[in-house]
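A.B. asks: Quick one, work37.pdb (PDB, C-alpha atoms, pLDDT in the B column):
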ATOM      1  CA  MET A   1     -10.035  27.430  13.341  1.00 90.00           C
ATOM      2  CA  SER A   2      -7.398  27.391  16.081  1.00 92.00           C
ATOM      3  CA  GLN A   3      -5.585  30.333  17.629  1.00 95.00           C
ATOM      4  CA  THR A   4      -2.510  30.391  19.843  1.00 97.00           C
ATOM      5  CA  TYR A   5      -2.684  32.119  23.233  1.00 97.00           C
ATOM      6  CA  LEU A   6      -0.297  32.986  26.031  1.00 97.00           C
ATOM      7  CA  SER A   7      -1.828  31.975  29.357  1.00 97.00           C
ATOM      8  CA  PHE A   8      -0.855  33.669  32.591  1.00 97.00           C
ATOM      9  CA  ILE A   9      -1.900  33.997  36.207  1.00 97.00           C
ATOM     10  CA  VAL A  10      -3.088  37.097  38.048  1.00 96.00           C
ATOM     11  CA  HIS A  11      -4.093  36.686  41.708  1.00 95.00           C
ATOM     12  CA  GLY A  12      -4.606  32.943  41.261  1.00 94.00           C
ATOM     13  CA  GLU A  13      -6.865  33.280  38.209  1.00 94.00           C
ATOM     14  CA  LEU A  14      -6.022  32.143  34.678  1.00 96.00           C
ATOM     15  CA  PHE A  15      -6.160  34.517  31.711  1.00 96.00           C
ATOM     16  CA  ALA A  16      -4.991  34.292  28.114  1.00 96.00           C
ATOM     17  CA  ILE A  17      -4.215  36.705  25.295  1.00 96.00           C
ATOM     18  CA  ASN A  18      -3.640  36.015  21.640  1.00 95.00           C
ATOM     19  CA  VAL A  19       0.107  35.602  21.014  1.00 96.00           C
ATOM     20  CA  SER A  20      -0.155  37.902  18.004  1.00 94.00           C
ATOM     21  CA  LYS A  21      -0.365  40.789  20.523  1.00 94.00           C
ATOM     22  CA  VAL A  22       2.672  39.657  22.564  1.00 96.00           C
ATOM     23  CA  LEU A  23       6.139  40.997  21.783  1.00 96.00           C
ATOM     24  CA  GLU A  24       8.068  39.645  24.743  1.00 96.00           C
ATOM     25  CA  VAL A  25       7.832  38.467  28.345  1.00 97.00           C
ATOM     26  CA  LEU A  26      10.276  40.294  30.614  1.00 97.00           C
ATOM     27  CA  GLN A  27      11.435  39.165  34.018  1.00 93.00           C
ATOM     28  CA  LYS A  28      10.968  41.530  36.940  1.00 77.00           C
ATOM     29  CA  GLN A  29      12.864  44.725  36.228  1.00 86.00           C
ATOM     30  CA  PRO A  30      13.035  48.302  37.467  1.00 90.00           C
ATOM     31  CA  ILE A  31       9.958  50.390  36.757  1.00 94.00           C
ATOM     32  CA  THR A  32      10.223  54.169  36.924  1.00 96.00           C
ATOM     33  CA  GLN A  33       7.210  55.690  38.677  1.00 94.00           C
ATOM     34  CA  VAL A  34       5.507  58.626  36.984  1.00 93.00           C
ATOM     35  CA  PRO A  35       3.907  61.352  39.132  1.00 92.00           C
ATOM     36  CA  ASN A  36       0.126  61.790  38.872  1.00 91.00           C
ATOM     37  CA  ALA A  37      -0.381  58.626  36.812  1.00 90.00           C
ATOM     38  CA  PRO A  38      -3.603  56.682  37.448  1.00 90.00           C
ATOM     39  CA  ASP A  39      -3.247  54.011  40.145  1.00 88.00           C
ATOM     40  CA  TYR A  40      -3.268  51.155  37.603  1.00 90.00           C
ATOM     41  CA  ILE A  41      -0.210  52.556  35.810  1.00 93.00           C
ATOM     42  CA  LYS A  42       2.832  51.323  37.674  1.00 93.00           C
ATOM     43  CA  GLY A  43       5.230  53.496  35.645  1.00 95.00           C
ATOM     44  CA  ILE A  44       7.483  53.213  32.603  1.00 96.00           C
ATOM     45  CA  ILE A  45      10.258  50.912  31.395  1.00 96.00           C
ATOM     46  CA  ASN A  46      12.873  51.032  28.674  1.00 95.00           C
ATOM     47  CA  PHE A  47      11.979  48.396  26.095  1.00 95.00           C
ATOM     48  CA  ARG A  48      14.396  48.227  23.154  1.00 93.00           C
ATOM     49  CA  GLY A  49      15.033  51.959  23.369  1.00 93.00           C
ATOM     50  CA  GLU A  50      11.378  52.964  23.746  1.00 94.00           C
ATOM     51  CA  VAL A  51       9.584  54.376  26.778  1.00 94.00           C
ATOM     52  CA  VAL A  52       6.739  51.946  27.467  1.00 95.00           C
ATOM     53  CA  PRO A  53       3.966  52.460  30.063  1.00 95.00           C
ATOM     54  CA  VAL A  54       3.390  49.517  32.397  1.00 95.00           C
ATOM     55  CA  PHE A  55      -0.065  48.661  33.755  1.00 94.00           C
ATOM     56  CA  GLU A  56      -0.680  46.684  36.952  1.00 94.00           C
ATOM     57  CA  THR A  57      -3.290  44.094  35.982  1.00 93.00           C
ATOM     58  CA  ARG A  58      -4.242  43.379  39.593  1.00 94.00           C
ATOM     59  CA  ILE A  59      -5.493  46.937  39.996  1.00 92.00           C
ATOM     60  CA  ARG A  60      -7.092  46.944  36.530  1.00 87.00           C
ATOM     61  CA  PHE A  61      -8.959  43.721  37.442  1.00 87.00           C
ATOM     62  CA  ASN A  62      -9.974  45.087  40.879  1.00 88.00           C
ATOM     63  CA  PHE A  63      -7.958  42.386  42.635  1.00 92.00           C
ATOM     64  CA  PRO A  64      -6.046  43.077  45.870  1.00 93.00           C
ATOM     65  CA  PRO A  65      -2.753  44.927  45.282  1.00 91.00           C
ATOM     66  CA  ARG A  66       0.458  43.000  44.731  1.00 90.00           C
ATOM     67  CA  PRO A  67       2.405  42.720  48.003  1.00 89.00           C
ATOM     68  CA  ASP A  68       5.801  44.445  47.870  1.00 85.00           C
ATOM     69  CA  GLY A  69       8.508  41.999  46.881  1.00 86.00           C
ATOM     70  CA  ASP A  70       6.126  39.533  45.211  1.00 90.00           C
ATOM     71  CA  PRO A  71       7.511  38.166  41.933  1.00 92.00           C
ATOM     72  CA  PHE A  72       6.034  39.310  38.639  1.00 95.00           C
ATOM     73  CA  VAL A  73       6.716  39.394  34.925  1.00 97.00           C
ATOM     74  CA  ILE A  74       5.868  42.049  32.346  1.00 97.00           C
ATOM     75  CA  ILE A  75       4.131  41.026  29.134  1.00 97.00           C
ATOM     76  CA  VAL A  76       4.984  43.610  26.462  1.00 97.00           C
ATOM     77  CA  LEU A  77       2.058  44.013  24.079  1.00 95.00           C
ATOM     78  CA  ASP A  78       1.241  45.792  20.842  1.00 91.00           C
ATOM     79  CA  ILE A  79      -2.361  46.948  20.955  1.00 87.00           C
ATOM     80  CA  SER A  80      -3.962  48.268  17.789  1.00 81.00           C
ATOM     81  CA  ASP A  81      -7.090  50.271  17.298  1.00 72.00           C
ATOM     82  CA  GLU A  82      -8.353  51.982  14.171  1.00 74.00           C
ATOM     83  CA  ASN A  83      -6.003  54.949  14.656  1.00 78.00           C
ATOM     84  CA  GLN A  84      -2.725  53.636  16.015  1.00 81.00           C
ATOM     85  CA  THR A  85      -0.693  50.843  17.540  1.00 84.00           C
ATOM     86  CA  LEU A  86       0.315  51.293  21.157  1.00 88.00           C
ATOM     87  CA  ARG A  87       3.086  49.418  22.925  1.00 92.00           C
ATOM     88  CA  MET A  88       2.585  48.768  26.615  1.00 93.00           C
ATOM     89  CA  GLY A  89       3.505  46.385  29.380  1.00 95.00           C
ATOM     90  CA  ALA A  90       1.123  44.413  31.585  1.00 95.00           C
ATOM     91  CA  ILE A  91       2.334  43.167  34.959  1.00 96.00           C
ATOM     92  CA  VAL A  92       1.164  39.625  35.735  1.00 96.00           C
ATOM     93  CA  ASP A  93       2.094  37.186  38.483  1.00 96.00           C
ATOM     94  CA  ARG A  94       3.549  34.620  36.113  1.00 96.00           C
ATOM     95  CA  VAL A  95       3.217  33.170  32.640  1.00 97.00           C
ATOM     96  CA  ARG A  96       1.860  29.648  32.492  1.00 95.00           C
ATOM     97  CA  ASP A  97       1.815  28.188  28.955  1.00 94.00           C
ATOM     98  CA  VAL A  98       1.383  28.846  25.279  1.00 96.00           C
ATOM     99  CA  ILE A  99      -1.776  27.007  24.290  1.00 96.00           C
ATOM    100  CA  THR A 100      -3.715  26.394  21.091  1.00 96.00           C
ATOM    101  CA  ILE A 101      -7.466  26.802  21.364  1.00 95.00           C
ATOM    102  CA  ASP A 102     -10.084  25.936  18.775  1.00 94.00           C
ATOM    103  CA  GLU A 103     -12.454  28.900  18.421  1.00 93.00           C
ATOM    104  CA  ASN A 104     -15.427  26.524  18.778  1.00 93.00           C
ATOM    105  CA  ASP A 105     -14.228  25.587  22.279  1.00 94.00           C
ATOM    106  CA  ILE A 106     -14.388  29.176  23.550  1.00 93.00           C
ATOM    107  CA  LYS A 107     -17.653  29.733  25.381  1.00 93.00           C
ATOM    108  CA  PRO A 108     -19.386  33.108  25.559  1.00 91.00           C
ATOM    109  CA  VAL A 109     -19.061  35.156  28.726  1.00 86.00           C
ATOM    110  CA  PRO A 110     -22.143  34.413  30.833  1.00 82.00           C
ATOM    111  CA  PRO A 111     -24.471  37.300  31.656  1.00 75.00           C
ATOM    112  CA  MET A 112     -23.616  38.948  34.955  1.00 69.00           C
ATOM    113  CA  SER A 113     -24.880  42.022  36.749  1.00 60.00           C
ATOM    114  CA  LYS A 114     -25.347  45.329  34.926  1.00 58.00           C
ATOM    115  CA  GLU A 115     -22.609  46.867  37.073  1.00 57.00           C
ATOM    116  CA  PHE A 116     -20.029  44.321  35.908  1.00 60.00           C
ATOM    117  CA  ASN A 117     -18.392  45.284  32.618  1.00 62.00           C
ATOM    118  CA  THR A 118     -17.328  42.166  30.705  1.00 69.00           C
ATOM    119  CA  ASP A 119     -16.348  43.991  27.489  1.00 74.00           C
ATOM    120  CA  PHE A 120     -12.692  43.118  28.084  1.00 81.00           C
ATOM    121  CA  LEU A 121     -13.458  39.365  27.939  1.00 88.00           C
ATOM    122  CA  SER A 122     -13.930  37.685  24.561  1.00 89.00           C
ATOM    123  CA  GLY A 123     -14.842  34.327  26.079  1.00 92.00           C
ATOM    124  CA  ILE A 124     -14.122  31.539  28.531  1.00 94.00           C
ATOM    125  CA  TYR A 125     -12.149  28.383  27.751  1.00 95.00           C
ATOM    126  CA  LYS A 126     -12.255  25.263  29.929  1.00 93.00           C
ATOM    127  CA  LEU A 127      -8.951  23.396  30.141  1.00 89.00           C
ATOM    128  CA  ASN A 128      -9.237  20.279  32.309  1.00 89.00           C
ATOM    129  CA  ASP A 129     -10.579  21.655  35.623  1.00 90.00           C
ATOM    130  CA  ASP A 130      -9.550  25.261  34.982  1.00 91.00           C
ATOM    131  CA  PHE A 131     -11.398  28.146  33.404  1.00 94.00           C
ATOM    132  CA  ILE A 132      -9.236  30.473  31.327  1.00 95.00           C
ATOM    133  CA  MET A 133     -10.617  33.951  30.668  1.00 94.00           C
ATOM    134  CA  ILE A 134      -9.715  35.081  27.150  1.00 94.00           C
ATOM    135  CA  LEU A 135      -8.929  38.802  27.156  1.00 92.00           C
ATOM    136  CA  LYS A 136      -9.615  41.478  24.546  1.00 87.00           C
ATOM    137  CA  VAL A 137      -6.589  43.619  25.351  1.00 82.00           C
ATOM    138  CA  GLU A 138      -7.893  46.433  23.150  1.00 82.00           C
ATOM    139  CA  LYS A 139     -10.775  46.837  25.617  1.00 76.00           C
ATOM    140  CA  LEU A 140      -8.721  46.294  28.756  1.00 73.00           C
ATOM    141  CA  PHE A 141      -5.943  48.742  27.878  1.00 65.00           C
ATOM    142  CA  SER A 142      -7.377  51.263  25.470  1.00 54.00           C
ATOM    143  CA  SER A 143      -5.631  54.084  23.674  1.00 47.00           C
ATOM    144  CA  GLU A 144      -7.597  56.478  25.901  1.00 53.00           C
ATOM    145  CA  ASP A 145      -5.947  54.911  28.961  1.00 50.00           C
ATOM    146  CA  VAL A 146      -2.484  55.282  27.523  1.00 48.00           C
ATOM    147  CA  SER A 147      -2.989  58.748  26.052  1.00 50.00           C
ATOM    148  CA  SER A 148      -4.605  60.002  29.260  1.00 45.00           C
ATOM    149  CA  THR A 149      -1.314  59.361  31.015  1.00 43.00           C
ATOM    150  CA  THR A 150       0.711  61.297  28.421  1.00 42.00           C
ATOM    151  CA  LEU A 151       2.996  58.282  28.333  1.00 42.00           C
ATOM    152  CA  GLN A 152       2.893  57.805  24.600  1.00 42.00           C
ATOM    153  CA  THR A 153       5.563  55.433  23.374  1.00 41.00           C
ATOM    154  CA  ALA A 154       8.612  57.513  22.522  1.00 43.00           C
ATOM    155  CA  PRO A 155      12.244  56.755  21.751  1.00 45.00           C
ATOM    156  CA  ILE A 156      14.745  57.134  24.545  1.00 44.00           C
ATOM    157  CA  ASN A 157      17.637  59.421  23.710  1.00 47.00           C
ATOM    158  CA  GLU A 158      20.767  57.417  24.392  1.00 46.00           C
ATOM    159  CA  GLU A 159      23.729  59.639  25.131  1.00 44.00           C
TER     160      GLU A 159
END
What is this structure when it is put down as structure tokens?

C.D. replies:
Amino acid sequence: MSQTYLSFIVHGELFAINVSKVLEVLQKQPITQVPNAPDYIKGIINFRGEVVPVFETRIRFNFPPRPDGDPFVIIVLDISDENQTLRMGAIVDRVRDVITIDENDIKPVPPMSKEFNTDFLSGIYKLNDDFIMILKVEKLFSSEDVSSTTLQTAPINEE
């Protein structure tokens, strides 16, 4: 069975997430910083009248920080767990393609060291000469992460 994924680049590496999680891709826009937020939370944005927390994937992936002024896009995602659906944004360098992948072509994540947590990867897909890491966004951006910031999605009062 085939699934459709949105592929994107973070620090020169290719990743993909199932398009069923993606609401929209936003061009670079103002992000309001929130005091005392964890370092991987860049701040909040207004998305269709809702306050949405925005995560910096480079920090979440332990990549070097994004240089000031570097271009980026925000992928707005709906992430569901057994209790709730959370809306959040993920900052990535750029979106590459929408691709269809047969589940049989996704390879398991190879064993790595005990210190390396691969729970956020559901598999690896080889496209031509590139490896694309398929993400489990529920593991990468959990409800605990969002709720720990007290940035729960809330309507913006328009006056």

A.B. asks: Pull out every residue that the PyMOL selection byres ((chain A and resi 29) around 9) matches in the shown coordinates and put them as a count of residues only.

C.D. replies: 8

A.B. asks: Applying 10 Å and all atoms listed in the file, which residues near Val25 (chain A) remain after dropping the ones on its own chain fewer than 4 positions away? List them as an NGL selection string.

C.D. replies: :A and (73-77 or 89-91 or 94-95)

A.B. asks: Draw an axis-aligned box over all listed atoms of region 12-22 of chain A, pad each side with 8 Å, and write its centre and edge lengths in Å, one decimal, as lines of an AutoDock Vina configuration file.

C.D. replies:
center_x = -2.1
center_y = 36.5
center_z = 29.6
size_x = 25.5
size_y = 24.6
size_z = 39.3

A.B. asks: Give as number ranges by chain the residues that the PyMOL selection byres ((chain A and resi 52) around 6) matches when applied to the coordinates above.

C.D. replies: A: 44-45, 51, 53, 88, 153

A.B. asks: Between A:Val19, A:Val10, A:Asp119, A:Glu138, which has the minimum distance to Thr100 (chain A) (counting only C-alpha atoms)?

C.D. replies: A:Val19

A.B. asks: So how far away is CA of Asp93 (chain A) from CA of Ile9 (chain A), in Å?

C.D. replies: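 We find that CA of Ile9 (chain A) and CA of Asp93 (chain A) lie 5.6 Å from each other.
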
A.B. asks: Please measure the separation of CA of Leu14 (chain A) and CA of Val54 (chain A), giving the value in Å to one decimal.

C.D. replies: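 Taking CA of Leu14 (chain A) and CA of Val54 (chain A), their separation equals 19.9 Å.
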
A.B. asks: Mind giving me the straight-line distance from CA of Ser122 (chain A) to CA of Asp105 (chain A) in Å, one decimal?

C.D. replies: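 Atom-to-atom, CA of Ser122 (chain A) to CA of Asp105 (chain A), that is 12.3 Å.
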
A.B. asks: Expanded to explicit residues, what is the PyMOL selection byres ((chain A and resi 127-133) around 8) for this file, as a list in words?

C.D. replies: Ser7, Glu13, Leu14, Phe15, Ala16, Leu121, Ser122, Gly123, Ile124, Tyr125, Lys126, Ile134 and Leu135 of chain A

A.B. asks: Restricting the calculation to all atoms listed in the file, which member of A:Thr32, A:Leu140, A:Val109, A:Asn46 is positioned closest to Ile59 (chain A)?

C.D. replies: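 Looking at the shortest contact to Ile59 (chain A), the residue is A:Leu140.
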
A.B. asks: Which residue, A:Phe8, A:Gln33, A:Val22, A:Arg87, has the smallest gap to Phe72 (chain A) when you use only C-alpha atoms?

C.D. replies: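 Comparing A:Phe8, A:Gln33, A:Val22, A:Arg87 against Phe72 (chain A), the winner is A:Phe8.
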
A.B. asks: Out of A:Arg60, A:Arg96, A:Phe55, A:Pro110, which residue has the shortest atom-to-atom distance to Gly12 (chain A) when counting all atoms listed in the file?

C.D. replies: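 Checking each candidate against Gly12 (chain A), we get A:Arg96 as the closest.
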
A.B. asks: Using only C-alpha atoms, can you tell me which of A:Asn104, A:Thr57, A:Asn36, A:Ser20 comes closest to Asp78 (chain A)?

C.D. replies: A:Ser20
